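Read the structure below first, then the notes.
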Amino acid sequence: RRGWKRSMRGPLLRAFYSQCDACLAIGSRNAEFYRHHGVVDAKIFSVPYTVDNERFMRLALAKRSELPVMKKEQGLAAEMPVILYASKFTQRKNPIDLLQAKALLQQQGLECAVLLIGAGEEEHALKTFVRSHSLRDVHFLGFRNQSELPGLYTLADIFVLPSENEPWGLIINEVMCAGVAIVATEEIGSVTDLVRVDENGLLYPAKDISALTQHLSSLLRDPERCRSMGDRSRQIISNWSYEDSVEGVKAALAFACPEGQTDAYNARGNH
């Protein structure tokens, strides 16, 4: 923000949060946001922004045995490493960055397939780039609903999210449930909590095509490291769950509404 909006925003938010008895933080960067606006640590409670891990893990596991058939259906060679993008085709999401990296990898002689799931205003430009650069093994799968996604995630060895200014990026939660290595930009809100560099993924500055290409190259040249990162993704996300969110809400309620206050509130017929 610029000008008067920027000058007004800070004081207004500080005044607003000063009236809150407790604040729910969906992740580490959200907690930092509250602190920046004057909220003390005692009033900040962790409520992880999560998906139904059990469902995504169960559906992904069920599809593992069908992987050879699924690859054949998508026109993928059995041993071809697969890089996945699954999000809207918008400028802020930067899917073109992945295709630019793919072009550089192809020049280096590194073969891989790129799957793009989604739709949006940039679709024509993306397809034009693929044709004009004679990119091989790039597949546009279109929009897919939630019931299809867990199975498609199992096709991937690497998931890439090249977004700028991404508040969270819940898709990262989902693909981690499928046991996939993550390559993402530093601007994505979830990476502080979910992507541990050299454990389950790699980070790079948004729009840095060279760094993105280098990360992808390093993983494509070391399949065992890539598989190990995928296994670690599943382990990390298993500890970022609905259960943790419930405990955070309960702790915040206990802090903001001590037992005596709650009893008096209920006695007045409130719920």
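Naming works like this for the structure tokens: A, B, ... for the chains as they're shown, residue 1 at the start of each chain, ligands 1 onward in shown order.
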
Could you produce a table of the residues of segment 147-171 of chain A lying within 10 Å of segment 218-231 of chain A, with the nearest pair of atoms per residue and their separation in Å rounded to one decimal, using only C-alpha atoms, ordered by chain and increasing residue number, as a tab-separated table?
```
residue	atom	partner	partner_atom	distance
A:Ala156	CA	A:Gly230	CA	9.7
A:Asp157	CA	A:Cys226	CA	7.0
A:Ile158	CA	A:Cys226	CA	7.5
A:Phe159	CA	A:Gly230	CA	9.8
```

Margin query: Would you pick out the contacts of Glu247 of chain A at 12 Å or less, using only C-alpha atoms, so that residues sharing its chain but fewer than 6 positions from it are not included, and give the list as a list in words?
Written below: Leu24, Phe45, Ser46, Val47, Pro48, Trp240, Ser241, Leu253 and Ala254 of chain A

Write the residues of the selection above to a file with N, CA and C atoms, as a short mmCIF file (atom, residue, chain, number, x, y, z; two decimals), in the first residue's frame.
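Now in out.cif:
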```cif
data_model
loop_
_atom_site.label_atom_id
_atom_site.label_comp_id
_atom_site.auth_asym_id
_atom_site.auth_seq_id
_atom_site.Cartn_x
_atom_site.Cartn_y
_atom_site.Cartn_z
N LEU A 24 -5.80 -16.09 16.77
CA LEU A 24 -5.51 -17.42 16.23
C LEU A 24 -4.56 -17.28 15.06
N PHE A 45 -2.32 -17.89 19.69
CA PHE A 45 -2.51 -19.33 19.79
C PHE A 45 -2.42 -19.96 18.41
N SER A 46 -1.69 -21.05 18.33
CA SER A 46 -1.45 -21.72 17.05
C SER A 46 -2.65 -22.55 16.63
N VAL A 47 -3.18 -22.22 15.46
CA VAL A 47 -4.28 -22.97 14.85
C VAL A 47 -3.86 -23.28 13.42
N PRO A 48 -3.07 -24.33 13.21
CA PRO A 48 -2.48 -24.59 11.90
C PRO A 48 -3.51 -24.63 10.76
N TRP A 240 0.77 -31.55 11.23
CA TRP A 240 0.15 -30.23 10.96
C TRP A 240 -1.31 -30.53 10.63
N SER A 241 -2.13 -30.70 11.66
CA SER A 241 -3.40 -31.38 11.47
C SER A 241 -4.58 -30.65 12.09
N LEU A 253 -9.87 -20.25 23.77
CA LEU A 253 -11.12 -20.06 24.49
C LEU A 253 -10.91 -20.07 25.99
N ALA A 254 -10.08 -21.00 26.46
CA ALA A 254 -9.80 -21.08 27.89
C ALA A 254 -9.12 -19.81 28.39
#
```

Checklist line | Residues within 8 Å of segment 53-57 of chain A, only C-alpha atoms, excluding chain neighbours under 3 positions, as a count of residues only | finding: 10

Excluding same-chain residues fewer than 3 positions from Arg29 of chain A, what lies within 10 Å of it counting only C-alpha atoms, as an mmCIF file with all heavy atoms, in the first residue's frame?
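Okay, this is what ended up in result.cif:
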```
data_model
loop_
_atom_site.group_PDB
_atom_site.id
_atom_site.type_symbol
_atom_site.label_atom_id
_atom_site.label_comp_id
_atom_site.auth_asym_id
_atom_site.auth_seq_id
_atom_site.Cartn_x
_atom_site.Cartn_y
_atom_site.Cartn_z
ATOM 1 N N ALA A 25 -3.392 -17.897 15.164
ATOM 2 C CA ALA A 25 -2.369 -17.798 14.115
ATOM 3 C C ALA A 25 -2.349 -19.074 13.291
ATOM 4 O O ALA A 25 -2.145 -20.167 13.826
ATOM 5 C CB ALA A 25 -0.999 -17.555 14.737
ATOM 6 N N ILE A 26 -2.535 -18.933 11.973
ATOM 7 C CA ILE A 26 -2.564 -20.117 11.114
ATOM 8 C C ILE A 26 -1.164 -20.644 10.801
ATOM 9 O O ILE A 26 -1.014 -21.738 10.281
ATOM 10 C CB ILE A 26 -3.314 -19.847 9.793
ATOM 11 C CG1 ILE A 26 -2.584 -18.785 8.963
ATOM 12 C CG2 ILE A 26 -4.752 -19.432 10.077
ATOM 13 C CD1 ILE A 26 -3.137 -18.629 7.556
ATOM 14 N N GLU A 32 3.855 -13.671 13.422
ATOM 15 C CA GLU A 32 4.730 -12.502 13.301
ATOM 16 C C GLU A 32 3.920 -11.249 12.957
ATOM 17 O O GLU A 32 4.221 -10.149 13.437
ATOM 18 C CB GLU A 32 5.779 -12.750 12.211
ATOM 19 C CG GLU A 32 6.813 -13.807 12.582
ATOM 20 C CD GLU A 32 7.705 -14.163 11.407
ATOM 21 O OE1 GLU A 32 7.617 -13.478 10.364
ATOM 22 O OE2 GLU A 32 8.479 -15.130 11.527
ATOM 23 N N PHE A 33 2.902 -11.423 12.138
ATOM 24 C CA PHE A 33 2.018 -10.315 11.771
ATOM 25 C C PHE A 33 1.341 -9.742 13.013
ATOM 26 O O PHE A 33 1.291 -8.520 13.219
ATOM 27 C CB PHE A 33 0.983 -10.815 10.767
ATOM 28 C CG PHE A 33 -0.107 -9.830 10.432
ATOM 29 C CD1 PHE A 33 0.081 -8.872 9.453
ATOM 30 C CD2 PHE A 33 -1.319 -9.874 11.088
ATOM 31 C CE1 PHE A 33 -0.923 -7.964 9.133
ATOM 32 C CE2 PHE A 33 -2.328 -8.971 10.779
ATOM 33 C CZ PHE A 33 -2.129 -8.022 9.806
ATOM 34 N N TYR A 34 0.790 -10.627 13.859
ATOM 35 C CA TYR A 34 0.154 -10.169 15.094
ATOM 36 C C TYR A 34 1.151 -9.426 15.982
ATOM 37 O O TYR A 34 0.855 -8.364 16.532
ATOM 38 C CB TYR A 34 -0.427 -11.351 15.864
ATOM 39 C CG TYR A 34 -1.664 -11.966 15.241
ATOM 40 C CD1 TYR A 34 -1.811 -13.352 15.159
ATOM 41 C CD2 TYR A 34 -2.712 -11.178 14.760
ATOM 42 C CE1 TYR A 34 -2.942 -13.925 14.608
ATOM 43 C CE2 TYR A 34 -3.842 -11.749 14.206
ATOM 44 C CZ TYR A 34 -3.954 -13.125 14.136
ATOM 45 O OH TYR A 34 -5.076 -13.694 13.590
ATOM 46 N N ARG A 35 2.349 -9.986 16.143
ATOM 47 C CA ARG A 35 3.361 -9.339 16.987
ATOM 48 C C ARG A 35 3.717 -7.953 16.449
ATOM 49 O O ARG A 35 3.892 -7.011 17.217
ATOM 50 C CB ARG A 35 4.619 -10.215 17.053
ATOM 51 C CG ARG A 35 4.428 -11.530 17.791
ATOM 52 C CD ARG A 35 5.760 -12.258 17.970
ATOM 53 N NE ARG A 35 5.524 -13.632 18.405
ATOM 54 C CZ ARG A 35 5.615 -14.694 17.612
ATOM 55 N NH1 ARG A 35 5.955 -14.538 16.333
ATOM 56 N NH2 ARG A 35 5.373 -15.901 18.076
ATOM 57 N N PRO A 167 -0.444 -15.748 0.248
ATOM 58 C CA PRO A 167 -0.692 -15.715 1.688
ATOM 59 C C PRO A 167 -0.410 -17.042 2.396
ATOM 60 O O PRO A 167 0.164 -17.062 3.483
ATOM 61 C CB PRO A 167 -2.173 -15.347 1.780
ATOM 62 C CG PRO A 167 -2.443 -14.577 0.525
ATOM 63 C CD PRO A 167 -1.586 -15.244 -0.521
ATOM 64 N N TRP A 168 -0.807 -18.176 1.793
ATOM 65 C CA TRP A 168 -0.501 -19.470 2.400
ATOM 66 C C TRP A 168 -0.057 -20.490 1.359
ATOM 67 O O TRP A 168 1.050 -20.973 1.389
ATOM 68 C CB TRP A 168 -1.694 -20.014 3.198
ATOM 69 C CG TRP A 168 -1.340 -21.309 3.889
ATOM 70 C CD1 TRP A 168 -1.637 -22.579 3.468
ATOM 71 C CD2 TRP A 168 -0.560 -21.460 5.079
ATOM 72 N NE1 TRP A 168 -1.100 -23.513 4.328
ATOM 73 C CE2 TRP A 168 -0.428 -22.847 5.325
ATOM 74 C CE3 TRP A 168 0.050 -20.564 5.947
ATOM 75 C CZ2 TRP A 168 0.277 -23.354 6.419
ATOM 76 C CZ3 TRP A 168 0.760 -21.061 7.044
ATOM 77 C CH2 TRP A 168 0.854 -22.441 7.262
ATOM 78 N N ILE A 188 5.848 -17.583 -0.243
ATOM 79 C CA ILE A 188 4.644 -18.343 0.076
ATOM 80 C C ILE A 188 4.539 -18.511 1.593
ATOM 81 O O ILE A 188 5.483 -18.943 2.257
ATOM 82 C CB ILE A 188 4.685 -19.712 -0.623
ATOM 83 C CG1 ILE A 188 4.702 -19.515 -2.147
ATOM 84 C CG2 ILE A 188 3.491 -20.564 -0.220
ATOM 85 C CD1 ILE A 188 5.044 -20.750 -2.927
ATOM 86 N N GLY A 189 3.383 -18.166 2.132
ATOM 87 C CA GLY A 189 3.227 -18.145 3.580
ATOM 88 C C GLY A 189 3.505 -19.452 4.279
ATOM 89 O O GLY A 189 4.043 -19.477 5.391
ATOM 90 N N SER A 190 3.153 -20.559 3.668
ATOM 91 C CA SER A 190 3.264 -21.854 4.333
ATOM 92 C C SER A 190 4.686 -22.394 4.432
ATOM 93 O O SER A 190 4.957 -23.277 5.242
ATOM 94 C CB SER A 190 2.407 -22.894 3.594
ATOM 95 O OG SER A 190 2.876 -23.079 2.268
ATOM 96 N N VAL A 191 5.609 -21.868 3.615
ATOM 97 C CA VAL A 191 6.921 -22.520 3.529
ATOM 98 C C VAL A 191 7.716 -22.402 4.826
ATOM 99 O O VAL A 191 8.550 -23.253 5.127
ATOM 100 C CB VAL A 191 7.755 -21.988 2.337
ATOM 101 C CG1 VAL A 191 7.017 -22.233 1.026
ATOM 102 C CG2 VAL A 191 8.100 -20.509 2.499
ATOM 103 N N THR A 192 7.460 -21.349 5.616
ATOM 104 C CA THR A 192 8.171 -21.196 6.881
ATOM 105 C C THR A 192 7.920 -22.387 7.791
ATOM 106 O O THR A 192 8.816 -22.855 8.495
ATOM 107 C CB THR A 192 7.731 -19.901 7.596
ATOM 108 O OG1 THR A 192 7.990 -18.792 6.736
ATOM 109 C CG2 THR A 192 8.469 -19.706 8.904
ATOM 110 N N ASP A 193 6.699 -22.909 7.760
ATOM 111 C CA ASP A 193 6.324 -24.014 8.639
ATOM 112 C C ASP A 193 6.455 -25.382 7.987
ATOM 113 O O ASP A 193 6.745 -26.365 8.669
ATOM 114 C CB ASP A 193 4.875 -23.829 9.107
ATOM 115 C CG ASP A 193 4.691 -22.574 9.934
ATOM 116 O OD1 ASP A 193 5.225 -22.522 11.054
ATOM 117 O OD2 ASP A 193 4.038 -21.637 9.445
#
```

Note to self: What does the structure give for the distance between atom CA of Ala42 of chain A and atom CA of Ser18 of chain A, in Å to one decimal?
What the structure shows: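 Pair atom CA of Ala42 of chain A / atom CA of Ser18 of chain A returns 12.9 Å.
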
Notebook entry, point to check: Nearest to Val175 of chain A: which of A:Leu149, A:Leu216, A:Leu141, A:Ala206 is it, counting only C-alpha atoms?
Noted result: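 Ranked by minimum distance to Val175 of chain A, first place goes to A:Leu149.
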
Checklist line | Per-residue DSSP, segment 59-211 of chain A, filtered to alpha helix (DSSP H), as JSON, numbers by chain | finding: {"A": [59, 60, 61, 62, 63, 64, 67, 68, 69, 70, 71, 72, 73, 95, 96, 97, 98, 99, 100, 101, 102, 103, 104, 105, 106, 107, 123, 124, 125, 126, 127, 128, 129, 130, 131, 132, 149, 150, 151, 152, 153, 170, 171, 172, 173, 174, 175, 176, 177, 191, 192, 193, 194, 209, 210, 211]}

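Closest to Lys71 of chain A among A:Cys112, A:Val160, A:Met176, A:Leu152 is A:Leu152, based on only C-alpha atoms.
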
Notebook entry, point to check: A:Leu155, A:Val138, A:Ala251, A:Leu105: which is nearest Val69 of chain A, counting only C-alpha atoms?
Noted result: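 For Val69 of chain A, the nearest of the given residues is A:Leu155.
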
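Comparing A:His215, A:Lys72, A:Arg9, A:Arg144 by their smallest distance to His37 of chain A, the closest is A:Arg9 (using only C-alpha atoms).
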
Next item on the list: Just the residues within 6 Å of Phe143 of chain A, please, counting only C-alpha atoms, with nothing from its chain fewer than 3 positions along; format it as number ranges by chain.
Entry: A: 117-119

Restrict the selected residues to all heavy atoms and save them as a PDB file, in the first residue's frame.
```pdb
ATOM      1  N   ILE A 117      -1.948 -28.605 -13.869  1.00  0.00           N
ATOM      2  CA  ILE A 117      -3.358 -28.762 -13.534  1.00  0.00           C
ATOM      3  C   ILE A 117      -3.915 -27.387 -13.189  1.00  0.00           C
ATOM      4  O   ILE A 117      -3.372 -26.687 -12.336  1.00  0.00           O
ATOM      5  CB  ILE A 117      -3.548 -29.707 -12.334  1.00  0.00           C
ATOM      6  CG1 ILE A 117      -3.015 -31.109 -12.679  1.00  0.00           C
ATOM      7  CG2 ILE A 117      -5.018 -29.789 -11.946  1.00  0.00           C
ATOM      8  CD1 ILE A 117      -3.044 -32.076 -11.509  1.00  0.00           C
ATOM      9  N   GLY A 118      -4.995 -27.002 -13.850  1.00  0.00           N
ATOM     10  CA  GLY A 118      -5.608 -25.716 -13.546  1.00  0.00           C
ATOM     11  C   GLY A 118      -6.113 -25.030 -14.795  1.00  0.00           C
ATOM     12  O   GLY A 118      -6.068 -25.584 -15.903  1.00  0.00           O
ATOM     13  N   ALA A 119      -6.579 -23.819 -14.603  1.00  0.00           N
ATOM     14  CA  ALA A 119      -7.081 -23.001 -15.709  1.00  0.00           C
ATOM     15  C   ALA A 119      -6.951 -21.539 -15.298  1.00  0.00           C
ATOM     16  O   ALA A 119      -6.726 -21.235 -14.132  1.00  0.00           O
ATOM     17  CB  ALA A 119      -8.542 -23.344 -16.010  1.00  0.00           C
TER      18      ALA A 119
END
```
